[in-house]
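Chemist: File follows, input.cif with mmCIF, C-alpha atoms and all ligand atoms:
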data_final
loop_
_atom_site.label_atom_id
_atom_site.label_comp_id
_atom_site.auth_asym_id
_atom_site.auth_seq_id
_atom_site.Cartn_x
_atom_site.Cartn_y
_atom_site.Cartn_z
CA MET A 1 12.88 -21.85 -0.14
CA SER A 2 16.32 -21.97 1.47
CA SER A 3 17.98 -18.95 3.02
CA ARG A 4 17.28 -15.71 1.15
CA ASN A 5 18.47 -12.12 1.31
CA ILE A 6 15.26 -10.27 0.54
CA LEU A 7 15.26 -6.61 -0.42
CA ILE A 8 11.95 -5.07 0.63
CA THR A 9 11.53 -1.55 -0.77
CA GLY A 10 9.20 0.93 0.92
CA GLY A 11 9.48 -1.05 4.16
CA ALA A 12 9.13 2.08 6.30
CA GLY A 13 5.71 2.87 4.81
CA PHE A 14 2.28 1.59 5.74
CA ILE A 15 2.01 -1.81 4.00
CA GLY A 16 5.79 -2.27 3.73
CA SER A 17 6.23 -2.09 7.50
CA HIS A 18 3.69 -4.90 7.98
CA VAL A 19 5.45 -7.02 5.36
CA VAL A 20 8.87 -6.40 6.93
CA ARG A 21 7.53 -7.26 10.41
CA LEU A 22 5.92 -10.47 9.16
CA PHE A 23 9.03 -11.66 7.31
CA VAL A 24 11.51 -10.69 10.07
CA ASN A 25 9.49 -12.52 12.73
CA LYS A 26 8.39 -15.52 10.68
CA TYR A 27 11.62 -16.25 8.81
CA PRO A 28 14.64 -15.85 11.11
CA GLU A 29 16.72 -17.68 8.48
CA TYR A 30 16.12 -14.90 5.91
CA LYS A 31 18.00 -11.62 5.90
CA ILE A 32 15.54 -8.75 5.39
CA ILE A 33 16.97 -5.57 3.91
CA ASN A 34 14.53 -2.68 4.19
CA LEU A 35 15.34 -0.06 1.54
CA ASP A 36 13.48 3.23 1.86
CA ALA A 37 14.11 6.90 1.06
CA LEU A 38 12.06 7.96 4.12
CA THR A 39 9.81 10.41 2.30
CA TYR A 40 6.97 12.05 4.25
CA ALA A 41 5.26 8.62 4.15
CA GLY A 42 8.20 6.59 5.45
CA ASN A 43 8.76 6.36 9.17
CA LEU A 44 11.21 4.08 10.98
CA GLU A 45 9.04 4.33 14.12
CA ASN A 46 6.73 1.92 12.25
CA LEU A 47 9.36 -0.79 12.79
CA SER A 48 10.59 -0.03 16.31
CA ASP A 49 9.48 -3.50 17.49
CA VAL A 50 11.67 -5.39 14.98
CA ASP A 51 14.55 -3.05 14.13
CA GLN A 52 16.92 -4.70 16.63
CA SER A 53 16.38 -8.19 15.15
CA SER A 54 19.56 -9.83 13.91
CA ASN A 55 18.01 -10.67 10.52
CA TYR A 56 16.92 -7.06 9.81
CA LEU A 57 18.80 -4.11 8.41
CA PHE A 58 17.92 -0.75 6.94
CA GLU A 59 19.31 1.11 3.91
CA LYS A 60 18.25 4.73 3.40
CA VAL A 61 18.31 4.83 -0.40
CA ASN A 62 16.17 6.49 -3.04
CA ILE A 63 15.16 4.14 -5.87
CA LEU A 64 15.96 6.97 -8.27
CA ASP A 65 19.65 6.48 -7.39
CA ALA A 66 20.65 3.64 -9.73
CA ASP A 67 24.26 3.42 -8.48
CA ALA A 68 23.21 3.20 -4.86
CA LEU A 69 20.76 0.42 -5.78
CA SER A 70 23.51 -1.60 -7.47
CA GLN A 71 25.71 -1.20 -4.41
CA VAL A 72 22.93 -2.47 -2.15
CA PHE A 73 22.47 -5.60 -4.30
CA ALA A 74 26.22 -6.31 -4.15
CA ARG A 75 26.70 -5.43 -0.48
CA HIS A 76 23.88 -7.69 0.72
CA HIS A 77 23.93 -10.38 -1.99
CA VAL A 78 20.26 -9.73 -2.65
CA THR A 79 18.47 -12.89 -3.80
CA ASP A 80 14.92 -11.53 -4.17
CA VAL A 81 12.99 -8.28 -4.23
CA ILE A 82 9.58 -7.37 -2.85
CA HIS A 83 8.94 -3.92 -4.29
CA LEU A 84 6.51 -1.65 -2.43
CA ALA A 85 8.27 1.75 -2.55
CA ALA A 86 6.00 4.21 -4.32
CA GLU A 87 4.23 7.50 -4.17
CA SER A 88 0.85 6.15 -3.14
CA HIS A 89 -1.67 8.96 -2.65
CA VAL A 90 -4.08 9.76 -5.51
CA ASP A 91 -4.71 13.36 -4.34
CA ARG A 92 -0.98 14.13 -4.33
CA SER A 93 -0.69 12.64 -7.84
CA ILE A 94 -3.26 15.14 -9.09
CA HIS A 95 -1.12 18.01 -7.80
CA SER A 96 2.34 16.61 -8.65
CA PRO A 97 2.11 13.93 -11.37
CA LEU A 98 5.83 13.98 -12.16
CA ASP A 99 6.79 12.84 -8.65
CA PHE A 100 4.76 9.72 -9.45
CA VAL A 101 6.46 9.21 -12.81
CA TYR A 102 9.87 9.49 -11.18
CA THR A 103 9.39 7.15 -8.26
CA ASN A 104 6.78 4.72 -9.55
CA VAL A 105 7.98 4.38 -13.14
CA ILE A 106 11.65 5.33 -13.30
CA GLY A 107 12.34 4.06 -9.78
CA THR A 108 10.82 0.68 -10.66
CA VAL A 109 12.85 0.44 -13.87
CA ASN A 110 16.02 1.32 -11.91
CA LEU A 111 15.25 -1.50 -9.52
CA LEU A 112 14.56 -3.94 -12.35
CA ASN A 113 17.89 -2.96 -13.93
CA ALA A 114 19.82 -3.36 -10.67
CA ALA A 115 18.28 -6.82 -10.18
CA LYS A 116 18.92 -7.87 -13.78
CA GLN A 117 22.53 -6.67 -13.61
CA TYR A 118 23.25 -8.40 -10.30
CA TRP A 119 21.42 -11.67 -11.01
CA LYS A 120 22.87 -11.87 -14.55
CA GLU A 121 22.63 -15.40 -16.00
CA ASN A 122 20.73 -16.80 -13.02
CA LEU A 123 17.61 -14.70 -13.42
CA ASP A 124 15.32 -17.73 -13.03
CA GLN A 125 16.67 -18.47 -9.54
CA HIS A 126 15.53 -15.14 -8.15
CA LEU A 127 12.19 -13.42 -7.77
CA PHE A 128 11.16 -9.85 -8.48
CA TYR A 129 7.82 -9.36 -6.72
CA HIS A 130 6.01 -6.16 -7.67
CA VAL A 131 3.24 -4.91 -5.38
CA SER A 132 0.58 -3.06 -7.33
CA THR A 133 -2.96 -1.81 -7.05
CA ASP A 134 -6.47 -2.51 -8.35
CA GLU A 135 -6.60 1.13 -9.52
CA VAL A 136 -4.80 0.12 -12.74
CA TYR A 137 -8.09 -1.38 -13.94
CA GLY A 138 -9.96 1.95 -13.77
CA ALA A 139 -13.53 2.23 -12.49
CA LEU A 140 -16.43 -0.24 -12.35
CA GLY A 141 -20.12 0.54 -12.76
CA GLU A 142 -22.74 -0.68 -10.29
CA THR A 143 -21.86 -4.32 -10.92
CA GLY A 144 -18.89 -6.46 -11.95
CA LEU A 145 -15.49 -7.25 -10.45
CA PHE A 146 -11.87 -6.75 -11.52
CA THR A 147 -10.24 -10.03 -12.55
CA GLU A 148 -6.61 -10.60 -13.56
CA THR A 149 -7.65 -10.30 -17.22
CA THR A 150 -9.55 -7.01 -16.92
CA ALA A 151 -8.00 -4.50 -19.35
CA TYR A 152 -5.89 -1.76 -17.82
CA HIS A 153 -7.67 1.61 -17.83
CA PRO A 154 -5.94 3.90 -15.31
CA ASN A 155 -7.66 7.23 -14.63
CA SER A 156 -5.39 9.13 -12.23
CA PRO A 157 -1.71 10.02 -12.56
CA TYR A 158 -1.12 7.63 -9.62
CA SER A 159 -2.83 4.68 -11.29
CA ALA A 160 -1.25 5.53 -14.66
CA SER A 161 2.20 5.41 -13.04
CA LYS A 162 1.43 2.11 -11.31
CA ALA A 163 0.04 0.65 -14.56
CA SER A 164 3.22 1.69 -16.31
CA SER A 165 5.38 0.06 -13.65
CA ASP A 166 3.35 -3.17 -13.98
CA HIS A 167 3.97 -3.13 -17.74
CA PHE A 168 7.71 -2.73 -17.22
CA VAL A 169 7.82 -5.66 -14.81
CA ARG A 170 5.94 -7.80 -17.32
CA ALA A 171 8.26 -6.63 -20.10
CA TYR A 172 11.34 -7.67 -18.10
CA ALA A 173 9.81 -11.12 -17.63
CA GLU A 174 9.16 -11.49 -21.37
CA THR A 175 12.31 -9.85 -22.70
CA TYR A 176 14.96 -10.91 -20.20
CA HIS A 177 13.26 -13.97 -18.63
CA MET A 178 13.36 -12.41 -15.22
CA ARG A 179 11.17 -14.37 -12.76
CA THR A 180 8.45 -11.96 -11.66
CA VAL A 181 5.11 -11.89 -9.94
CA ILE A 182 2.62 -9.00 -9.63
CA THR A 183 -0.22 -8.60 -7.17
CA ASN A 184 -2.97 -6.00 -7.55
CA CYS A 185 -4.65 -5.25 -4.26
CA SER A 186 -7.66 -3.25 -3.14
CA ASN A 187 -7.76 -0.53 -0.43
CA ASN A 188 -5.85 -1.47 2.72
CA TYR A 189 -6.53 -0.16 6.21
CA GLY A 190 -4.96 -0.76 9.62
CA PRO A 191 -2.24 0.47 12.00
CA TYR A 192 0.52 2.79 10.68
CA HIS A 193 -1.68 4.08 7.83
CA PHE A 194 -0.64 7.66 7.04
CA PRO A 195 -3.46 10.10 7.95
CA GLU A 196 -3.89 11.52 4.46
CA LYS A 197 -5.94 8.48 3.38
CA LEU A 198 -9.66 8.22 4.18
CA ILE A 199 -9.79 6.00 7.28
CA PRO A 200 -6.79 7.32 9.27
CA LEU A 201 -7.52 10.94 8.21
CA PHE A 202 -11.07 10.66 9.51
CA ILE A 203 -9.98 8.93 12.74
CA ASN A 204 -7.49 11.76 13.33
CA ASN A 205 -10.08 14.43 12.49
CA ILE A 206 -12.62 12.89 14.87
CA ILE A 207 -10.00 12.87 17.64
CA THR A 208 -9.12 16.51 16.93
CA LYS A 209 -12.76 17.52 16.20
CA LYS A 210 -12.05 18.71 12.66
CA PRO A 211 -14.50 18.41 9.69
CA LEU A 212 -14.71 15.04 7.88
CA PRO A 213 -14.38 16.06 4.18
CA VAL A 214 -16.45 13.60 2.11
CA TYR A 215 -15.73 14.03 -1.62
CA GLY A 216 -18.68 14.54 -4.02
CA ASP A 217 -21.87 12.67 -3.16
CA GLY A 218 -20.05 10.16 -0.91
CA LEU A 219 -21.42 7.24 -2.94
CA TYR A 220 -18.04 6.08 -4.25
CA THR A 221 -17.31 2.46 -3.42
CA ARG A 222 -14.09 0.82 -2.26
CA ASP A 223 -13.23 -2.77 -1.31
CA TRP A 224 -11.38 -2.74 2.05
CA LEU A 225 -8.81 -5.25 3.25
CA TYR A 226 -7.03 -5.37 6.62
CA VAL A 227 -3.36 -4.70 5.99
CA LYS A 228 -2.15 -7.77 7.89
CA ASP A 229 -4.19 -9.95 5.52
CA HIS A 230 -2.45 -8.24 2.59
CA ALA A 231 0.93 -9.02 4.17
CA LEU A 232 -0.10 -12.68 4.58
CA ALA A 233 -1.12 -12.79 0.90
CA ILE A 234 2.27 -11.35 -0.10
CA ASP A 235 4.02 -14.02 2.00
CA LEU A 236 1.99 -16.73 0.24
CA VAL A 237 2.53 -15.37 -3.27
CA PHE A 238 6.24 -14.84 -2.60
CA HIS A 239 6.66 -18.51 -1.65
CA LYS A 240 3.99 -20.26 -3.73
CA GLY A 241 3.03 -17.93 -6.58
CA GLU A 242 3.51 -19.15 -10.15
CA LYS A 243 6.29 -17.56 -12.20
CA ASP A 244 5.23 -14.43 -14.12
CA GLU A 245 1.64 -14.62 -12.84
CA THR A 246 -0.62 -11.86 -11.59
CA TYR A 247 -2.92 -12.29 -8.58
CA ASN A 248 -5.70 -9.96 -7.50
CA ILE A 249 -6.07 -9.49 -3.74
CA GLY A 250 -9.20 -8.04 -2.15
CA GLY A 251 -11.34 -8.04 0.94
CA PHE A 252 -14.70 -9.23 -0.49
CA ASN A 253 -15.79 -6.16 1.43
CA GLU A 254 -17.37 -3.29 -0.52
CA TRP A 255 -18.42 -0.09 1.22
CA LYS A 256 -19.84 3.17 -0.06
CA ASN A 257 -17.69 5.92 1.46
CA ILE A 258 -20.55 7.58 3.32
CA ASP A 259 -21.69 4.29 4.90
CA LEU A 260 -18.13 3.53 5.98
CA VAL A 261 -17.72 7.04 7.42
CA LYS A 262 -20.97 6.70 9.40
CA LEU A 263 -19.84 3.32 10.79
CA LEU A 264 -16.48 4.85 11.72
CA CYS A 265 -18.25 7.75 13.48
CA LYS A 266 -20.43 5.33 15.44
CA LEU A 267 -17.47 3.21 16.58
CA MET A 268 -15.43 6.28 17.48
CA ASP A 269 -18.32 7.69 19.56
CA GLU A 270 -18.57 4.38 21.44
CA LYS A 271 -14.83 4.21 22.08
CA LEU A 272 -14.51 7.89 23.04
CA GLY A 273 -17.58 7.77 25.29
CA ASN A 274 -19.37 10.41 23.18
CA ALA A 275 -23.15 10.67 22.88
CA PRO A 276 -24.40 8.75 19.80
CA GLY A 277 -24.35 10.99 16.70
CA THR A 278 -21.59 13.31 17.97
CA SER A 279 -18.97 12.53 15.30
CA GLU A 280 -21.49 12.46 12.43
CA THR A 281 -22.01 16.20 12.92
CA LEU A 282 -18.44 16.64 11.61
CA ILE A 283 -19.32 15.16 8.18
CA THR A 284 -18.90 17.86 5.50
CA TYR A 285 -19.49 17.26 1.80
CA VAL A 286 -16.72 18.93 -0.22
CA LYS A 287 -15.73 19.37 -3.88
CA ASP A 288 -15.09 16.05 -5.61
CA ARG A 289 -11.67 14.61 -6.47
CA PRO A 290 -11.06 15.12 -10.23
CA GLY A 291 -11.19 11.86 -12.19
CA HIS A 292 -12.63 10.10 -9.12
CA ASP A 293 -13.14 6.37 -9.83
CA ARG A 294 -16.72 5.43 -8.94
CA ARG A 295 -16.26 1.89 -7.78
CA TYR A 296 -13.51 -0.68 -7.20
CA ALA A 297 -14.18 -4.33 -6.39
CA ILE A 298 -11.81 -7.25 -6.64
CA ASP A 299 -12.47 -10.82 -7.69
CA ALA A 300 -9.90 -12.60 -5.53
CA SER A 301 -10.97 -16.10 -6.52
CA LYS A 302 -7.71 -16.94 -8.33
CA ILE A 303 -5.48 -16.49 -5.27
CA ASN A 304 -8.16 -18.20 -3.20
CA LYS A 305 -8.45 -21.27 -5.46
CA GLU A 306 -4.79 -21.59 -6.46
CA LEU A 307 -3.01 -20.61 -3.25
CA GLY A 308 -5.73 -20.98 -0.60
CA TRP A 309 -5.63 -17.33 0.55
CA LYS A 310 -8.62 -15.55 2.03
CA PRO A 311 -8.97 -12.68 4.50
CA THR A 312 -8.74 -13.81 8.15
CA VAL A 313 -10.00 -10.62 9.78
CA THR A 314 -13.61 -9.41 9.47
CA PHE A 315 -14.18 -5.72 8.73
CA GLU A 316 -15.85 -5.13 12.12
CA GLN A 317 -12.86 -6.69 13.91
CA GLY A 318 -10.25 -4.94 11.73
CA LEU A 319 -11.84 -1.50 11.98
CA SER A 320 -12.26 -1.81 15.73
CA GLU A 321 -8.60 -2.90 16.15
CA THR A 322 -7.49 -0.06 13.88
CA ILE A 323 -9.35 2.57 15.90
CA ASP A 324 -7.95 1.11 19.14
CA TRP A 325 -4.45 1.29 17.67
CA TYR A 326 -4.81 4.99 16.73
CA LEU A 327 -6.31 5.84 20.11
CA SER A 328 -3.40 4.24 21.93
CA ASN A 329 -0.75 5.60 19.56
CA GLN A 330 -1.58 9.28 19.54
CA GLU A 331 2.11 10.10 19.93
CA TRP A 332 2.71 8.43 16.52
CA LEU A 333 -0.18 10.46 15.07
CA ASN A 334 1.25 13.66 16.57
CA HIS A 335 4.70 12.96 15.07
CA VAL A 336 3.45 12.27 11.55
CA THR A 337 1.00 15.18 11.53
CA SER A 338 3.52 17.81 12.61
CA GLY A 339 5.70 19.82 10.21
CA ALA A 340 5.03 19.42 6.49
CA TYR A 341 1.72 17.65 7.12
CA GLN A 342 0.18 20.92 8.30
CA SER A 343 0.79 22.74 5.01
CA TYR A 344 -0.32 19.67 3.00
CA TYR A 345 -3.61 19.63 4.92
CA GLN A 346 -4.10 23.38 4.49
CA ASN A 347 -3.49 23.22 0.73
CA MET A 348 -5.60 20.12 0.25
CA TYR A 349 -8.69 21.09 2.20
CA ALA A 350 -8.63 24.89 2.60
CA ASN A 351 -10.83 25.77 -0.41
CA ARG A 352 -13.01 22.70 -0.83
P1 LIG B 1 3.09 4.47 1.64
O1 LIG B 1 2.96 5.77 0.93
O2 LIG B 1 2.57 4.34 3.04
O3 LIG B 1 4.62 4.04 1.70
C1 LIG B 1 5.49 4.18 0.61
C2 LIG B 1 6.91 3.99 1.10
O4 LIG B 1 7.79 4.12 -0.03
C3 LIG B 1 7.36 5.03 2.15
O5 LIG B 1 8.05 4.40 3.20
C4 LIG B 1 8.28 5.94 1.36
O6 LIG B 1 9.30 6.54 2.16
C5 LIG B 1 8.86 4.99 0.33
N1 LIG B 1 9.30 5.69 -0.88
C6 LIG B 1 8.60 6.59 -1.62
N2 LIG B 1 9.34 7.05 -2.64
C7 LIG B 1 10.54 6.39 -2.56
C8 LIG B 1 11.72 6.42 -3.34
N3 LIG B 1 11.82 7.23 -4.40
N4 LIG B 1 12.74 5.62 -3.00
C9 LIG B 1 12.65 4.80 -1.93
N5 LIG B 1 11.57 4.75 -1.13
C10 LIG B 1 10.52 5.53 -1.45
O7 LIG B 1 2.44 3.41 0.68
P2 LIG B 1 1.57 2.10 1.02
O8 LIG B 1 0.16 2.50 1.16
O9 LIG B 1 2.24 1.33 2.08
O10 LIG B 1 1.71 1.32 -0.37
C11 LIG B 1 2.81 0.45 -0.61
C12 LIG B 1 2.68 -0.13 -2.00
O11 LIG B 1 1.46 -0.85 -2.11
C13 LIG B 1 2.66 0.91 -3.10
O12 LIG B 1 3.39 0.41 -4.19
C14 LIG B 1 1.18 1.06 -3.45
O13 LIG B 1 1.03 1.45 -4.79
C15 LIG B 1 0.69 -0.35 -3.21
N6 LIG B 1 -0.72 -0.47 -2.81
C16 LIG B 1 -1.23 0.28 -1.79
C17 LIG B 1 -2.56 0.08 -1.38
C18 LIG B 1 -3.16 0.85 -0.24
O14 LIG B 1 -4.37 0.75 -0.01
N7 LIG B 1 -2.40 1.62 0.51
C19 LIG B 1 -3.35 -0.86 -2.05
C20 LIG B 1 -2.80 -1.59 -3.12
C21 LIG B 1 -1.47 -1.39 -3.47
O1 LIG B 2 -7.44 0.71 -4.37
C1 LIG B 2 -6.13 0.69 -3.90
C2 LIG B 2 -5.68 2.10 -3.64
O2 LIG B 2 -6.36 2.56 -2.48
C3 LIG B 2 -4.17 2.23 -3.44
O3 LIG B 2 -3.52 1.85 -4.62
C4 LIG B 2 -3.79 3.66 -3.07
O4 LIG B 2 -2.38 3.73 -2.79
C5 LIG B 2 -4.56 4.05 -1.84
O5 LIG B 2 -4.27 5.40 -1.51
C6 LIG B 2 -6.06 3.86 -2.05
O6 LIG B 2 -6.58 4.83 -3.01
P1 LIG B 2 -7.97 5.59 -2.80
O7 LIG B 2 -7.95 6.83 -3.59
O8 LIG B 2 -9.12 4.67 -2.98
O9 LIG B 2 -7.84 5.89 -1.22
P2 LIG B 2 -8.19 7.19 -0.34
O10 LIG B 2 -8.08 6.76 1.10
O11 LIG B 2 -7.45 8.38 -0.77
O12 LIG B 2 -9.73 7.43 -0.67
C7 LIG B 2 -10.71 6.43 -0.41
C8 LIG B 2 -12.06 6.98 -0.86
O13 LIG B 2 -12.43 8.06 0.01
C9 LIG B 2 -12.04 7.58 -2.25
O14 LIG B 2 -13.28 7.35 -2.89
C10 LIG B 2 -11.86 9.08 -2.02
C11 LIG B 2 -12.58 9.30 -0.71
N1 LIG B 2 -12.05 10.38 0.16
C12 LIG B 2 -10.71 10.37 0.44
C13 LIG B 2 -10.16 11.36 1.22
C14 LIG B 2 -8.68 11.37 1.54
C15 LIG B 2 -12.90 11.35 0.67
O15 LIG B 2 -14.11 11.32 0.44
N2 LIG B 2 -12.34 12.33 1.45
C16 LIG B 2 -11.01 12.40 1.74
O16 LIG B 2 -10.58 13.35 2.44
#
If you convert what's in this file into structure tokens, what do you get?
Modeler:
Amino acid sequence: MSSRNILITGGAGFIGSHVVRLFVNKYPEYKIINLDALTYAGNLENLSDVDQSSNYLFEKVNILDADALSQVFARHHVTDVIHLAAESHVDRSIHSPLDFVYTNVIGTVNLLNAAKQYWKENLDQHLFYHVSTDEVYGALGETGLFTETTAYHPNSPYSASKASSDHFVRAYAETYHMRTVITNCSNNYGPYHFPEKLIPLFINNIITKKPLPVYGDGLYTRDWLYVKDHALAIDLVFHKGEKDETYNIGGFNEWKNIDLVKLLCKLMDEKLGNAPGTSETLITYVKDRPGHDRRYAIDASKINKELGWKPTVTFEQGLSETIDWYLSNQEWLNHVTSGAYQSYYQNMYANR
């Protein structure tokens, strides 16, 4: 691909910041425009190591603002989009479903419209890359894997909003011949993960000696992928993915929550110099998440066979690096857990 002006939405969030960093460093010939509304989940500190690069710039824009989106396309001659901006936390979607409809559905359609309007007759020369989740497929039983042809069966307001956004992207490909690609990825973990999600929340709670709230029986299963491997997959699909295709991305790495939490406790005790078993005493079983999906697991053989992608980081390595990152970035943790985070945490966990 020759020189591109790539609009990355949600670039100040967890996964988005890793994608922006990868593209800014790896492709000096591309201009990377990070568009983000800086909600509670967006933090420009996540990009302090690349924000002075000459091929990087930031636009504070909400994807609900259709006019502002059109202006960004025109101002920066946007050639391609990698769309990650979203409300991403299932628990928040249970409390405030409409926020998810606005950003994830209407925001995505606004972005599709802005791209369609700006790219006009040359839609096939541009790419709209939509980053989605495995949660659109619903829940698995004890066996089986999600493939790209598994029927959509979203169970939470979050996954329903992401499923809807996927359908709109596909509809724009069919109806207007926009060149699109969608990837559906499993649970990510790694540096800059907001501490409302399982792994960073529990790391933070171990550091601050707070209870570790395990939902239900703790036997729910997730497939974990190191975030930098997700960013590498996005790079590959952006450059080599087939037009209008979907690719599943996963870690080949299933863990029951309670087993993962016990491993995390063990590693944290080692790194903090605690006596073995110290952090496990913080484990507290709490009321289950409503509509909690029992098991997710991805069959990532299509992206492996067709594009040669596979995870490069083992779970042991990735989890250890993640813990080290949080332990040496406690100032970041303190910033993101001050202010509104306190009332979120109180409301979320007070009566469970
Ligand atoms: P995140 O919550 O950490 O970041 C979301 C970013 O989007 C934030 O920077 C936020 O400020 C921005 N944003 C939110 N609403 C916006 C709006 N209306 N306008 C502009 N910007 C807005 O999310 P994440 O975990 O990095 O996830 C990124 C994407 O990847 C999402 O689309 C999510 O559905 C998808 N995904 C996440 C995972 C995961 O495990 N975290 C797995 C698969 C797919
Ligand atoms: O599968 C991909 C999805 O993974 C992404 O699309 C979402 O954006 C991302 O948030 C994540 O969703 P999950 O709901 O799987 O992630 P979360 O970290 O919230 O929860 C992981 C598991 O841990 C889940 O079974 C619920 C459980 N859990 C979570 C929290 C926050 C607990 O037991 N206690 C908790 O306090």
Chemist: Using only C-alpha atoms and all ligand atoms, find each residue with an atom at most 8 Å away from ligand LIG 1 (chain B) and format the answer as a PyMOL selection string.
Modeler: chain A and resi 9-17+35-43+60-64+83-89+102-104+107+130-135+162+184-189+193-194
Chemist: When the cut-off is 9 Å and you count only C-alpha atoms and all ligand atoms, which residues lie near ligand LIG 2 (chain B), shown as a ChimeraX atom specification?
Modeler: /A:86-91,132-136,158-159,162,184-189,195-202,212-224,256-258,261,285-286,288-289,292-297,348-349
Chemist: Output C-alpha atoms of each residue in that selection to a file, as a short mmCIF file (atom, residue, chain, number, x, y, z; two decimals), in the frame of the given file.
Modeler:
data_model
loop_
_atom_site.label_atom_id
_atom_site.label_comp_id
_atom_site.auth_asym_id
_atom_site.auth_seq_id
_atom_site.Cartn_x
_atom_site.Cartn_y
_atom_site.Cartn_z
CA ALA A 86 6.00 4.21 -4.32
CA GLU A 87 4.23 7.50 -4.17
CA SER A 88 0.85 6.15 -3.14
CA HIS A 89 -1.67 8.96 -2.65
CA VAL A 90 -4.08 9.76 -5.51
CA ASP A 91 -4.71 13.36 -4.34
CA SER A 132 0.58 -3.06 -7.33
CA THR A 133 -2.96 -1.81 -7.05
CA ASP A 134 -6.47 -2.51 -8.35
CA GLU A 135 -6.60 1.13 -9.52
CA VAL A 136 -4.80 0.12 -12.74
CA TYR A 158 -1.12 7.63 -9.62
CA SER A 159 -2.83 4.68 -11.29
CA LYS A 162 1.43 2.11 -11.31
CA ASN A 184 -2.97 -6.00 -7.55
CA CYS A 185 -4.65 -5.25 -4.26
CA SER A 186 -7.66 -3.25 -3.14
CA ASN A 187 -7.76 -0.53 -0.43
CA ASN A 188 -5.85 -1.47 2.72
CA TYR A 189 -6.53 -0.16 6.21
CA PRO A 195 -3.46 10.10 7.95
CA GLU A 196 -3.89 11.52 4.46
CA LYS A 197 -5.94 8.48 3.38
CA LEU A 198 -9.66 8.22 4.18
CA ILE A 199 -9.79 6.00 7.28
CA PRO A 200 -6.79 7.32 9.27
CA LEU A 201 -7.52 10.94 8.21
CA PHE A 202 -11.07 10.66 9.51
CA LEU A 212 -14.71 15.04 7.88
CA PRO A 213 -14.38 16.06 4.18
CA VAL A 214 -16.45 13.60 2.11
CA TYR A 215 -15.73 14.03 -1.62
CA GLY A 216 -18.68 14.54 -4.02
CA ASP A 217 -21.87 12.67 -3.16
CA GLY A 218 -20.05 10.16 -0.91
CA LEU A 219 -21.42 7.24 -2.94
CA TYR A 220 -18.04 6.08 -4.25
CA THR A 221 -17.31 2.46 -3.42
CA ARG A 222 -14.09 0.82 -2.26
CA ASP A 223 -13.23 -2.77 -1.31
CA TRP A 224 -11.38 -2.74 2.05
CA LYS A 256 -19.84 3.17 -0.06
CA ASN A 257 -17.69 5.92 1.46
CA ILE A 258 -20.55 7.58 3.32
CA VAL A 261 -17.72 7.04 7.42
CA TYR A 285 -19.49 17.26 1.80
CA VAL A 286 -16.72 18.93 -0.22
CA ASP A 288 -15.09 16.05 -5.61
CA ARG A 289 -11.67 14.61 -6.47
CA HIS A 292 -12.63 10.10 -9.12
CA ASP A 293 -13.14 6.37 -9.83
CA ARG A 294 -16.72 5.43 -8.94
CA ARG A 295 -16.26 1.89 -7.78
CA TYR A 296 -13.51 -0.68 -7.20
CA ALA A 297 -14.18 -4.33 -6.39
CA MET A 348 -5.60 20.12 0.25
CA TYR A 349 -8.69 21.09 2.20
#
Chemist: Which residue out of A:Gln117, A:Thr143, A:Thr79, A:Ser156 has the minimum interatomic distance to A:Val101 when only C-alpha atoms are used?
Modeler: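 Answer, going by the shortest atom-to-atom distance: A:Ser156.
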Chemist: Of the candidates A:Asn253, A:Thr314, A:Ser3, A:Asn113, which one gets nearest to A:Ile298 if we count only C-alpha atoms?
Modeler: A:Asn253
Chemist: Quick one: of A:Arg352, A:Lys302, A:Lys26, A:Lys31, who's nearest to A:Leu7, counting only C-alpha atoms?
Modeler: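 With only C-alpha atoms as the atom set, the closest residue is A:Lys31.
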Chemist: When you look at A:Val105 with a cut-off of 8 Å (counting only C-alpha atoms), what residues show up, excluding the ones that are within fewer than 5 positions of it in the same chain? I need them as a list in words.
Modeler: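 Once the nearby chain positions are removed, what remains is Phe100, Ser161, Lys162, Ser164 and Ser165 of chain A.
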Chemist: Would you mind reading off the distance between atom CA of A:Pro290 and atom CA of A:Ile249, one decimal, in Å?
Modeler: 25.9 Å
Chemist: Check the smallest atom-to-atom distance from each of A:His18, A:Tyr176, A:Asp299, A:Gly250 to A:Asn46 using all atoms listed in the file, then report the winner.
Modeler: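 Closest to A:Asn46, using all atoms listed in the file: A:His18.
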Chemist: Residues near A:Tyr27, anyone? I mean within 12 Å using all atoms listed in the file, not counting same-chain ones fewer than 3 positions away, as a ChimeraX atom specification.
Modeler: /A:1-6,19-24,30-32,53-56,235,239
Chemist: Which one of A:Asp80, A:Asp269, A:Asp229, A:Asp124 sits closest to A:Gly251 if you count all atoms listed in the file?
Modeler: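 Nearest to A:Gly251: A:Asp229.
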Chemist: Which residue is closest to A:Thr246? Choose from A:Lys287, A:Lys210, A:Lys262, A:His167 and count only C-alpha atoms.
Modeler: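 When distances to A:Thr246 are compared using only C-alpha atoms, the smallest one comes from A:His167.
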Chemist: Give me, please, the distance in Å between atom CA of A:Leu272 and atom CA of A:Tyr345, quoted to one decimal.
Modeler: 24.2 Å
Chemist: Could you work out how far atom CA of A:Ser301 lies from atom CA of A:Gly141, giving the answer in Å with one decimal?
Modeler: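 Atom CA of A:Ser301 lies 20.0 Å from atom CA of A:Gly141.
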Chemist: Any idea what's packed within 8 Å of A:Asn110, counting only C-alpha atoms, ignoring anything in its chain fewer than 4 positions away? Could you give it as a PyMOL selection string?
Modeler: chain A and resi 63-66+69+106+114
Chemist: When you look at stretch 317-324 of chain A with a cut-off of 8 Å (counting all atoms listed in the file), what residues show up, excluding the ones that are within fewer than 5 positions of it in the same chain? I need them as a VMD selection string.
Modeler: chain A and resid 189 to 191 203 226 264 267 to 268
